[in-house]
$ cat model-v2.cif   # mmCIF, C-alpha atoms (C1' of nucleotides)
data_query
#
loop_
_atom_site.label_atom_id
_atom_site.label_comp_id
_atom_site.auth_asym_id
_atom_site.auth_seq_id
_atom_site.Cartn_x
_atom_site.Cartn_y
_atom_site.Cartn_z
CA MET P 8 -64.65 31.72 142.71
CA THR P 9 -64.53 34.77 140.52
CA LYS P 10 -62.58 34.76 137.32
CA ALA P 11 -59.65 37.15 137.10
CA ASP P 12 -59.98 38.56 133.63
CA ASP P 13 -58.84 42.08 133.12
CA PHE P 14 -60.63 42.89 129.89
CA ASP P 15 -62.72 45.98 130.53
CA LEU P 16 -65.93 45.65 128.57
CA GLN P 17 -67.23 49.01 129.75
CA ALA P 18 -64.24 50.69 128.20
CA PHE P 19 -64.35 48.79 124.90
CA LEU P 20 -65.10 51.55 122.44
CA PRO P 21 -67.74 49.92 120.23
CA TYR P 22 -69.60 48.74 123.32
CA LEU P 23 -69.29 52.03 125.13
CA LEU P 24 -70.38 53.98 122.07
CA ASN P 25 -73.44 51.82 121.73
CA GLN P 26 -74.39 52.26 125.35
CA ALA P 27 -73.98 56.02 125.12
CA ALA P 28 -75.84 56.20 121.83
CA GLU P 29 -78.75 54.18 123.13
CA GLU P 30 -78.98 56.17 126.30
CA ALA P 31 -78.71 59.48 124.47
CA SER P 32 -81.37 58.46 121.97
CA LEU P 33 -83.96 57.44 124.53
CA GLY P 34 -85.22 60.84 125.54
CA PHE P 35 -85.64 62.09 122.01
CA GLN P 36 -87.11 58.82 120.81
CA LYS P 37 -89.77 59.10 123.45
CA VAL P 38 -90.97 62.35 121.90
CA TYR P 39 -91.05 61.46 118.22
CA LYS P 40 -92.55 58.08 119.04
CA ASP P 41 -95.17 59.09 121.58
CA ARG P 42 -96.08 62.42 120.05
CA TYR P 43 -96.04 61.48 116.36
CA GLY P 44 -95.76 57.69 116.19
CA LEU P 45 -92.57 57.92 114.16
CA LEU P 46 -89.77 55.37 113.87
CA ARG P 47 -86.10 56.26 113.95
CA SER P 48 -85.77 55.97 110.18
CA GLU P 49 -88.83 58.16 109.78
CA TRP P 50 -87.68 61.14 111.81
CA ARG P 51 -84.37 60.92 110.03
CA VAL P 52 -85.98 61.17 106.63
CA LEU P 53 -88.20 63.95 107.93
CA PHE P 54 -85.19 65.89 109.21
CA HIS P 55 -83.24 65.49 106.00
CA LEU P 56 -86.16 66.93 104.07
CA GLY P 57 -86.68 69.65 106.64
CA ILE P 58 -83.07 70.70 106.43
CA PHE P 59 -82.34 70.27 102.74
CA GLY P 60 -85.74 70.96 101.28
CA ARG P 61 -86.08 68.61 98.35
CA LEU P 62 -84.22 65.35 97.91
CA THR P 63 -84.51 61.98 96.27
CA ALA P 64 -84.61 58.79 98.30
CA THR P 65 -81.13 57.94 97.12
CA GLU P 66 -79.76 61.27 98.29
CA ILE P 67 -81.27 60.77 101.71
CA GLY P 68 -79.75 57.32 101.88
CA ALA P 69 -76.33 58.69 101.00
CA LYS P 70 -76.42 61.60 103.42
CA GLY P 71 -77.68 59.51 106.31
CA LYS P 72 -76.01 56.19 105.53
CA VAL P 73 -79.42 54.53 105.49
CA HIS P 74 -80.19 51.58 103.28
CA LYS P 75 -82.59 52.28 100.43
CA THR P 76 -85.20 49.81 101.65
CA LYS P 77 -85.34 51.61 104.96
CA VAL P 78 -85.71 54.95 103.20
CA SER P 79 -88.33 53.52 100.88
CA ARG P 80 -90.47 52.23 103.72
CA ALA P 81 -90.02 55.36 105.80
CA VAL P 82 -91.09 57.53 102.85
CA GLN P 83 -94.06 55.29 102.25
CA ARG P 84 -95.33 55.71 105.78
CA LEU P 85 -94.61 59.44 105.82
CA ALA P 86 -96.45 59.86 102.52
CA ASP P 87 -99.40 57.81 103.77
CA ARG P 88 -99.68 60.24 106.64
CA ARG P 89 -99.41 63.22 104.31
CA LEU P 90 -96.18 64.47 105.88
CA VAL P 91 -94.22 64.00 102.68
CA LYS P 92 -95.15 64.73 99.08
CA ARG P 93 -93.71 62.58 96.29
CA ALA P 94 -93.37 63.79 92.72
CA ARG P 95 -92.05 61.73 89.86
CA SER P 96 -89.24 63.55 88.08
CA GLU P 97 -89.91 64.62 84.49
CA GLU P 98 -86.30 64.41 83.36
CA ASP P 99 -85.70 60.94 84.75
CA ARG P 100 -88.82 58.98 85.41
CA ARG P 101 -87.07 56.56 87.76
CA VAL P 102 -86.48 59.38 90.20
CA GLU P 103 -88.95 60.68 92.72
CA TRP P 104 -88.55 64.07 94.34
CA LEU P 105 -89.52 64.21 97.96
CA GLU P 106 -90.45 67.18 100.08
CA LEU P 107 -92.35 67.97 103.21
CA THR P 108 -95.98 68.98 103.07
CA PRO P 109 -97.05 71.91 105.25
CA ALA P 110 -98.11 69.35 107.85
CA GLY P 111 -94.69 67.73 107.58
CA GLU P 112 -93.02 71.11 108.00
CA LYS P 113 -94.97 71.65 111.15
CA VAL P 114 -93.93 68.33 112.63
CA TYR P 115 -90.36 69.00 111.61
CA ARG P 116 -90.23 72.41 113.22
CA ASP P 117 -91.70 71.05 116.41
CA LEU P 118 -89.28 68.15 116.59
CA ARG P 119 -86.34 70.38 115.73
CA GLU P 120 -87.09 72.48 118.75
CA VAL P 121 -87.43 69.43 120.92
CA ALA P 122 -84.13 68.13 119.55
CA GLN P 123 -82.33 71.34 120.32
CA ALA P 124 -83.69 71.57 123.84
CA TYR P 125 -82.98 67.92 124.46
CA GLU P 126 -79.42 68.17 123.23
CA GLY P 127 -78.95 71.16 125.47
CA ARG P 128 -79.89 69.08 128.48
CA LEU P 129 -77.58 66.28 127.40
CA LEU P 130 -74.64 68.61 126.95
CA ALA P 131 -75.27 70.34 130.23
CA GLN P 132 -73.44 67.43 131.86
CA LEU P 133 -70.26 68.44 130.06
CA ASN P 134 -68.28 71.64 129.72
CA GLU P 135 -67.84 73.65 126.55
CA ALA P 136 -64.36 72.42 125.70
CA GLU P 137 -65.27 68.81 126.30
CA VAL P 138 -68.19 69.08 123.93
CA GLN P 139 -65.94 70.36 121.18
CA VAL P 140 -63.53 67.47 121.63
CA LEU P 141 -66.32 64.94 121.88
CA LYS P 142 -68.08 65.97 118.70
CA CYS P 143 -64.85 66.26 116.78
CA MET P 144 -63.84 62.75 117.76
CA LEU P 145 -67.23 61.28 117.07
CA LEU P 146 -67.09 62.79 113.61
CA LYS P 147 -63.74 61.15 113.06
CA LEU P 148 -65.03 57.81 114.26
CA ALA P 149 -68.15 58.15 112.15
CA GLY P 150 -65.91 58.62 109.15
CA ARG P 151 -67.40 62.00 108.41
CA SER P 152 -64.28 64.08 108.56
CA MET V 20 -84.37 76.26 95.41
CA THR V 21 -82.55 74.97 98.43
CA LYS V 22 -83.96 75.49 101.87
CA ALA V 23 -81.96 77.60 104.28
CA ASP V 24 -82.27 75.68 107.48
CA ASP V 25 -79.40 75.89 109.88
CA PHE V 26 -80.08 72.85 112.02
CA ASP V 27 -76.98 70.68 111.84
CA LEU V 28 -78.06 67.08 111.88
CA GLN V 29 -74.49 65.81 111.76
CA ALA V 30 -73.80 67.59 115.00
CA PHE V 31 -76.95 66.47 116.80
CA LEU V 32 -75.57 64.31 119.56
CA PRO V 33 -77.94 61.32 119.49
CA TYR V 34 -77.57 61.13 115.71
CA LEU V 35 -73.82 61.58 115.77
CA LEU V 36 -73.40 59.02 118.52
CA ASN V 37 -75.40 56.51 116.54
CA GLN V 38 -73.36 57.06 113.42
CA ALA V 39 -70.11 56.72 115.32
CA ALA V 40 -71.33 53.66 117.20
CA GLU V 41 -72.48 51.93 114.05
CA GLU V 42 -69.30 52.71 112.20
CA ALA V 43 -67.14 51.65 115.13
CA SER V 44 -69.05 48.39 115.54
CA LEU V 45 -68.76 47.32 111.91
CA GLY V 46 -65.23 45.97 111.95
CA PHE V 47 -65.69 43.93 115.08
CA GLN V 48 -69.12 42.74 114.02
CA LYS V 49 -67.64 41.38 110.86
CA VAL V 50 -65.40 39.08 112.87
CA TYR V 51 -67.83 37.67 115.41
CA LYS V 52 -70.47 37.28 112.72
CA ASP V 53 -68.39 35.82 109.92
CA ARG V 54 -66.07 33.76 112.08
CA TYR V 55 -68.55 32.46 114.65
CA GLY V 56 -72.02 33.33 113.40
CA LEU V 57 -72.78 35.30 116.55
CA LEU V 58 -75.24 38.15 117.02
CA ARG V 59 -74.48 41.29 118.96
CA SER V 60 -76.40 40.09 122.03
CA GLU V 61 -74.56 36.80 121.84
CA TRP V 62 -71.03 38.10 121.93
CA ARG V 63 -72.06 40.37 124.77
CA VAL V 64 -73.29 37.47 126.85
CA LEU V 65 -70.20 35.52 125.91
CA PHE V 66 -67.94 38.38 127.04
CA HIS V 67 -69.75 38.84 130.31
CA LEU V 68 -69.25 35.19 131.09
CA GLY V 69 -65.65 35.30 129.89
CA ILE V 70 -64.90 38.23 132.13
CA PHE V 71 -66.91 37.41 135.23
CA GLY V 72 -66.83 33.65 135.10
CA ARG V 73 -70.22 32.55 136.35
CA LEU V 74 -73.39 34.61 136.25
CA THR V 75 -77.13 34.28 136.10
CA ALA V 76 -79.11 35.61 133.17
CA THR V 77 -80.47 38.38 135.37
CA GLU V 78 -76.99 39.47 136.38
CA ILE V 79 -75.91 39.67 132.76
CA GLY V 80 -78.96 41.74 131.95
CA ALA V 81 -78.20 44.15 134.77
CA LYS V 82 -74.52 44.54 133.96
CA GLY V 83 -75.10 45.03 130.26
CA LYS V 84 -78.46 46.79 130.31
CA VAL V 85 -79.90 44.05 128.15
CA HIS V 86 -83.52 42.99 128.38
CA LYS V 87 -84.08 39.54 129.83
CA THR V 88 -85.70 38.18 126.69
CA LYS V 89 -82.62 39.10 124.69
CA VAL V 90 -80.41 37.42 127.25
CA SER V 91 -82.66 34.38 127.31
CA ARG V 92 -82.50 33.92 123.56
CA ALA V 93 -78.80 34.60 123.38
CA VAL V 94 -78.14 32.01 126.09
CA GLN V 95 -80.36 29.53 124.31
CA ARG V 96 -78.40 29.81 121.09
CA LEU V 97 -75.06 29.77 122.85
CA ALA V 98 -76.09 26.69 124.81
CA ASP V 99 -77.33 24.96 121.65
CA ARG V 100 -73.87 25.45 120.22
CA ARG V 101 -72.21 24.17 123.37
CA LEU V 102 -70.47 27.46 124.09
CA VAL V 103 -72.33 27.98 127.36
CA LYS V 104 -73.22 25.50 130.09
CA ARG V 105 -76.41 25.99 132.11
CA ALA V 106 -76.87 24.58 135.59
CA ARG V 107 -80.01 24.94 137.65
CA SER V 108 -79.17 26.34 141.08
CA GLU V 109 -79.74 24.05 144.05
CA GLU V 110 -80.49 26.82 146.55
CA ASP V 111 -83.03 28.56 144.35
CA ARG V 112 -84.44 26.43 141.62
CA ARG V 113 -85.63 29.41 139.62
CA VAL V 114 -82.13 30.58 138.82
CA GLU V 115 -79.73 29.09 136.37
CA TRP V 116 -75.99 29.49 136.61
CA LEU V 117 -74.28 30.13 133.34
CA GLU V 118 -70.67 29.64 132.43
CA LEU V 119 -68.57 29.11 129.37
CA THR V 120 -67.67 25.64 128.22
CA PRO V 121 -64.05 25.04 127.18
CA ALA V 122 -65.19 25.68 123.60
CA GLY V 123 -66.83 28.91 124.73
CA GLU V 124 -63.65 29.94 126.52
CA LYS V 125 -61.72 29.41 123.34
CA VAL V 126 -64.08 31.56 121.31
CA TYR V 127 -64.01 34.22 124.00
CA ARG V 128 -60.22 34.37 124.16
CA ASP V 129 -60.01 34.63 120.40
CA LEU V 130 -62.61 37.39 120.20
CA ARG V 131 -61.06 39.25 123.12
CA GLU V 132 -57.81 39.45 121.22
CA VAL V 133 -59.60 40.59 118.11
CA ALA V 134 -61.43 43.21 120.17
CA GLN V 135 -58.25 44.57 121.67
CA ALA V 136 -56.46 44.76 118.35
CA TYR V 137 -59.48 46.31 116.70
CA GLU V 138 -59.90 48.93 119.38
CA GLY V 139 -56.22 49.75 119.02
CA ARG V 140 -56.75 50.52 115.35
CA LEU V 141 -59.81 52.63 116.12
CA LEU V 142 -57.99 54.66 118.74
CA ALA V 143 -54.96 55.15 116.55
CA GLN V 144 -56.91 57.96 114.90
CA LEU V 145 -56.90 59.90 118.17
CA ASN V 146 -54.27 60.95 120.62
CA GLU V 147 -53.87 59.72 124.16
CA ALA V 148 -55.46 62.70 125.89
CA GLU V 149 -58.41 62.75 123.52
CA VAL V 150 -59.13 59.12 124.22
CA GLN V 151 -59.28 59.80 127.94
CA VAL V 152 -61.72 62.63 127.46
CA LEU V 153 -63.81 60.68 124.98
CA LYS V 154 -64.24 57.62 127.15
CA CYS V 155 -64.93 59.66 130.23
CA MET V 156 -67.67 61.59 128.47
CA LEU V 157 -69.19 58.53 126.90
CA LEU V 158 -69.38 56.96 130.34
CA LYS V 159 -71.20 60.01 131.59
CA LEU V 160 -73.61 59.95 128.68
CA ALA V 161 -74.15 56.23 129.11
CA GLY V 162 -75.15 56.92 132.68
CA ARG V 163 -72.37 54.73 134.02
CA SER V 164 -70.59 57.27 136.13
"C1'" DT H 25 -80.70 50.60 66.35
"C1'" DG H 26 -80.31 46.56 69.65
"C1'" DG H 27 -78.27 44.50 73.47
"C1'" DT H 28 -76.07 44.75 77.94
"C1'" DA H 29 -75.29 47.06 82.02
"C1'" DA H 30 -76.44 50.39 85.54
"C1'" DT H 31 -79.61 53.00 88.52
"C1'" DA H 32 -84.03 54.31 91.31
"C1'" DG H 33 -87.00 52.44 93.96
"C1'" DT H 34 -90.25 48.58 95.60
"C1'" DT H 35 -91.60 44.10 97.25
"C1'" DG H 36 -91.30 39.53 99.56
"C1'" DA H 37 -89.17 36.14 102.51
"C1'" DT H 38 -86.54 35.54 106.53
"C1'" DT H 39 -84.51 37.00 110.80
"C1'" DT H 40 -84.35 39.67 114.81
"C1'" DT H 41 -86.37 42.53 118.20
"C1'" DG H 42 -89.88 44.26 121.44
"C1'" DT H 43 -94.03 43.77 124.36
"C1'" DA H 44 -96.82 41.33 127.07
"C1'" DA H 45 -98.45 37.30 128.90
"C1'" DC H 46 -97.09 33.20 130.91
"C1'" DT H 47 -95.03 29.18 134.15
"C1'" DA H 48 -92.46 27.92 137.99
"C1'" DA H 49 -90.33 28.79 142.26
"C1'" DC H 50 -89.65 31.37 146.31
"C1'" DA H 51 -90.95 34.98 150.19
"C1'" DA H 52 -93.73 37.15 153.61
"C1'" DG H 53 -97.70 37.83 156.45
"C1'" DC H 54 -101.36 36.13 158.64
"C1'" DG A 17 -100.80 25.93 156.05
"C1'" DC A 18 -102.76 29.37 152.74
"C1'" DT A 19 -102.95 33.61 150.26
"C1'" DT A 20 -100.69 37.32 147.99
"C1'" DG A 21 -96.87 39.23 145.92
"C1'" DT A 22 -92.26 38.93 143.84
"C1'" DT A 23 -88.59 37.09 141.05
"C1'" DA A 24 -86.24 34.06 137.24
"C1'" DG A 25 -86.74 32.84 133.04
"C1'" DT A 26 -89.50 31.38 128.75
"C1'" DT A 27 -92.78 31.80 125.10
"C1'" DA A 28 -96.14 33.83 121.82
"C1'" DC A 29 -97.34 37.33 118.92
"C1'" DA A 30 -96.59 41.67 116.66
"C1'" DA A 31 -93.35 45.13 114.94
"C1'" DA A 32 -89.24 46.09 112.54
"C1'" DA A 33 -84.77 45.23 110.23
"C1'" DT A 34 -82.24 42.67 106.71
"C1'" DC A 35 -81.20 40.62 102.32
"C1'" DA A 36 -82.23 39.23 97.86
"C1'" DA A 37 -84.98 39.40 94.01
"C1'" DC A 38 -87.78 42.21 91.23
"C1'" DT A 39 -89.79 46.19 87.88
"C1'" DA A 40 -89.09 50.16 85.38
"C1'" DT A 41 -86.24 53.38 83.33
"C1'" DT A 42 -82.00 55.28 81.58
"C1'" DA A 43 -77.05 54.95 79.92
"C1'" DC A 44 -73.51 52.97 77.30
"C1'" DC A 45 -71.64 51.16 73.25
"C1'" DA A 46 -70.70 47.96 69.48
#

$ encode --input "model-v2.cif" --output "structure tokens"
Amino acid sequence: MTKADDFDLQAFLPYLLNQAAEEASLGFQKVYKDRYGLLRSEWRVLFHLGIFGRLTATEIGAKGKVHKTKVSRAVQRLADRRLVKRARSEEDRRVEWLELTPAGEKVYRDLREVAQAYEGRLLAQLNEAEVQVLKCMLLKLAGRS
Amino acid sequence: MTKADDFDLQAFLPYLLNQAAEEASLGFQKVYKDRYGLLRSEWRVLFHLGIFGRLTATEIGAKGKVHKTKVSRAVQRLADRRLVKRARSEEDRRVEWLELTPAGEKVYRDLREVAQAYEGRLLAQLNEAEVQVLKCMLLKLAGRS
DNA sequence: TGGTAATAGTTGATTTTGTAACTAACAAGC
DNA sequence: GCTTGTTAGTTACAAAATCAACTATTACCA
């Protein structure tokens, strides 16, 4: 006997979003993990620095909605591997300015290209107009607009 | 000096999907966590059993794309709390049939209502047509269609 | 000043997840 | 029957995430 319950789990937005997000992350994750041994939080920090140039840990946390302990540990590992340079601020000695080293820049530029190509393949499944709608709605749901 | 890098992280699909998924999960998570002390993998197992009635751990894993160790541990905790009943199959003594206990049913029905109401609030931000497009595309990206 | 609160970032303890190895039961071929 | 391979599910160990407490520094204000 099969239960007759009409709740559609596949269509439940939080569930569906998670499935799509996981699936969409896989291909890119494979690259930053296999090629550079990075974690999710680490490529995110790397990208923030690649895009914005010089930030504090707190700024990265705010921009990316990442908890400060995650940022702290990501920065630690990136600095250990000489991909990120830390410099204590002179004005406020609690603050540490972070930026990519040349090696970090190189990794960033490589991964940025991979990201762009990968996203291209993902979006190839959809048409132009759909992509616009999709991204706009995701931004709304993410509370970014 | 601010770097001039035009890569838009907010618009990078895997990143954006993750942000939206996390944000969209928060409100529901709060309920199943605070009210019943459940983890994400646990409510998923619970819902699968609520919807489909009687399944094996392997079936749940296949339907929900969840690794068997996660299912195993979720079932263990749910069984400890008498929300799920396990019964060794007679035909094949490797498999275990899982179903909700009356207490599990009760939790499921409560959470299902919460889920429906919560999704309603989420979708209120968007219009009817947008929702159709969104879900359809997420299904595609999730590899479900 | 001096005292309290706030902020930047780190560390430690606990929980949760991921990977791989494992046990037990069945299946198939000889 | 016996061997080999497969499947269901668990367990052990390592990796990672989470939460709270902590240090150091600055800000506020009586």

$ closest_residue --input "model-v2.cif" --among "V:Thr75, V:Gln95, V:Ala43, V:Glu147" --to "V:Asp111" --atoms "only C-alpha atoms"
V:Thr75

$ closest_atom_pairs --input "model-v2.cif" --of "chain H" --to "chain P" --cutoff "8 Å" --atoms "only C-alpha atoms (C1' of nucleotides)" --output "JSON lines"
{"residue": "H:DA32", "atom": "C1'", "partner": "P:Arg101", "partner_atom": "CA", "distance": 5.2}
{"residue": "H:DG33", "atom": "C1'", "partner": "P:Ser79", "partner_atom": "CA", "distance": 7.1}
{"residue": "H:DT34", "atom": "C1'", "partner": "P:Ser79", "partner_atom": "CA", "distance": 7.5}

$ write_last_selection --input "model-v2.cif" --atoms "C-alpha atoms (C1' of nucleotides)" --output "PDB file, keeping the file's coordinate frame"
ATOM      1  C1'  DA H  32     -84.030  54.310  91.310  1.00  0.00           C
ATOM      2  C1'  DG H  33     -87.000  52.440  93.960  1.00  0.00           C
ATOM      3  C1'  DT H  34     -90.250  48.580  95.600  1.00  0.00           C
TER       4       DT H  34
END

$ residues_around --input "model-v2.cif" --residues "H:DG26" --least-positions-apart "2" --cutoff "12 Å" --atoms "only C-alpha atoms (C1' of nucleotides)" --output "ChimeraX atom specification"
/H:28 /A:45-46

$ write_last_selection --input "model-v2.cif" --atoms "C-alpha atoms (C1' of nucleotides)" --output "mmCIF file, in the frame of the given file"
data_model
loop_
_atom_site.group_PDB
_atom_site.id
_atom_site.type_symbol
_atom_site.label_atom_id
_atom_site.label_comp_id
_atom_site.auth_asym_id
_atom_site.auth_seq_id
_atom_site.Cartn_x
_atom_site.Cartn_y
_atom_site.Cartn_z
ATOM 1 C "C1'" DT H 28 -76.070 44.750 77.940
ATOM 2 C "C1'" DC A 45 -71.640 51.160 73.250
ATOM 3 C "C1'" DA A 46 -70.700 47.960 69.480
#

$ resolve_selection --input "model-v2.cif" --expression "the PyMOL selection byres ((chain P) within 9 of (chain V))" --output "JSON, numbers by chain"
{"P": [8, 9, 10, 11, 12, 13, 14, 15, 16, 17, 18, 19, 20, 21, 22, 23, 24, 25, 26, 27, 28, 29, 30, 31, 32, 33, 35, 51, 54, 55, 57, 58, 59, 60, 61, 71, 72, 119, 122, 123, 126, 129, 130, 132, 133, 137, 138, 140, 141, 142, 144, 145, 146, 147, 148, 149, 150, 151]}

$ residues_around --input "model-v2.cif" --residues "stretch 84-94 of chain P" --least-positions-apart "2" --cutoff "6 Å" --atoms "only C-alpha atoms (C1' of nucleotides)" --output "PDB file with C-alpha atoms, in the frame of the given file"
ATOM      1  CA  ALA P  81     -90.020  55.360 105.800  1.00  0.00           C
ATOM      2  CA  VAL P  82     -91.090  57.530 102.850  1.00  0.00           C
ATOM      3  CA  GLU P 103     -88.950  60.680  92.720  1.00  0.00           C
ATOM      4  CA  TRP P 104     -88.550  64.070  94.340  1.00  0.00           C
ATOM      5  CA  LEU P 105     -89.520  64.210  97.960  1.00  0.00           C
ATOM      6  CA  GLU P 106     -90.450  67.180 100.080  1.00  0.00           C
ATOM      7  CA  LEU P 107     -92.350  67.970 103.210  1.00  0.00           C
ATOM      8  CA  THR P 108     -95.980  68.980 103.070  1.00  0.00           C
ATOM      9  CA  ALA P 110     -98.110  69.350 107.850  1.00  0.00           C
ATOM     10  CA  GLY P 111     -94.690  67.730 107.580  1.00  0.00           C
TER      11      GLY P 111
END

$ resolve_selection --input "model-v2.cif" --expression "the PyMOL selection byres ((chain H and resi 40-54) around 8)" --output "ChimeraX atom specification"
/V:111-113 /H:39 /A:22-23,27,31-33

$ closest_atom_pairs --input "model-v2.cif" --of "chain A" --to "chain P" --cutoff "12 Å" --atoms "all atoms listed in the file" --output "JSON lines"
{"residue": "A:DA31", "atom": "C1'", "partner": "P:Leu46", "partner_atom": "CA", "distance": 10.9}
{"residue": "A:DA32", "atom": "C1'", "partner": "P:Leu46", "partner_atom": "CA", "distance": 9.4}
{"residue": "A:DA33", "atom": "C1'", "partner": "P:Lys77", "partner_atom": "CA", "distance": 8.3}
{"residue": "A:DT34", "atom": "C1'", "partner": "P:Thr76", "partner_atom": "CA", "distance": 9.2}
{"residue": "A:DC35", "atom": "C1'", "partner": "P:Thr76", "partner_atom": "CA", "distance": 10.0}
{"residue": "A:DA36", "atom": "C1'", "partner": "P:Thr76", "partner_atom": "CA", "distance": 11.6}
{"residue": "A:DT39", "atom": "C1'", "partner": "P:Arg101", "partner_atom": "CA", "distance": 10.7}
{"residue": "A:DA40", "atom": "C1'", "partner": "P:Arg101", "partner_atom": "CA", "distance": 7.1}
{"residue": "A:DT41", "atom": "C1'", "partner": "P:Arg101", "partner_atom": "CA", "distance": 5.5}
{"residue": "A:DT42", "atom": "C1'", "partner": "P:Asp99", "partner_atom": "CA", "distance": 7.5}
{"residue": "A:DA43", "atom": "C1'", "partner": "P:Asp99", "partner_atom": "CA", "distance": 11.6}

$ atom_distance --input "model-v2.cif" --atom1 "atom CA of P:Asp117" --atom2 "atom CA of P:Arg95"
28.1 Å

$ atom_distance --input "model-v2.cif" --atom1 "atom CA of P:Tyr39" --atom2 "atom CA of P:Glu112"
14.2 Å

$ atom_distance --input "model-v2.cif" --atom1 "atom CA of P:Val121" --atom2 "atom CA of P:Asn134"
21.2 Å
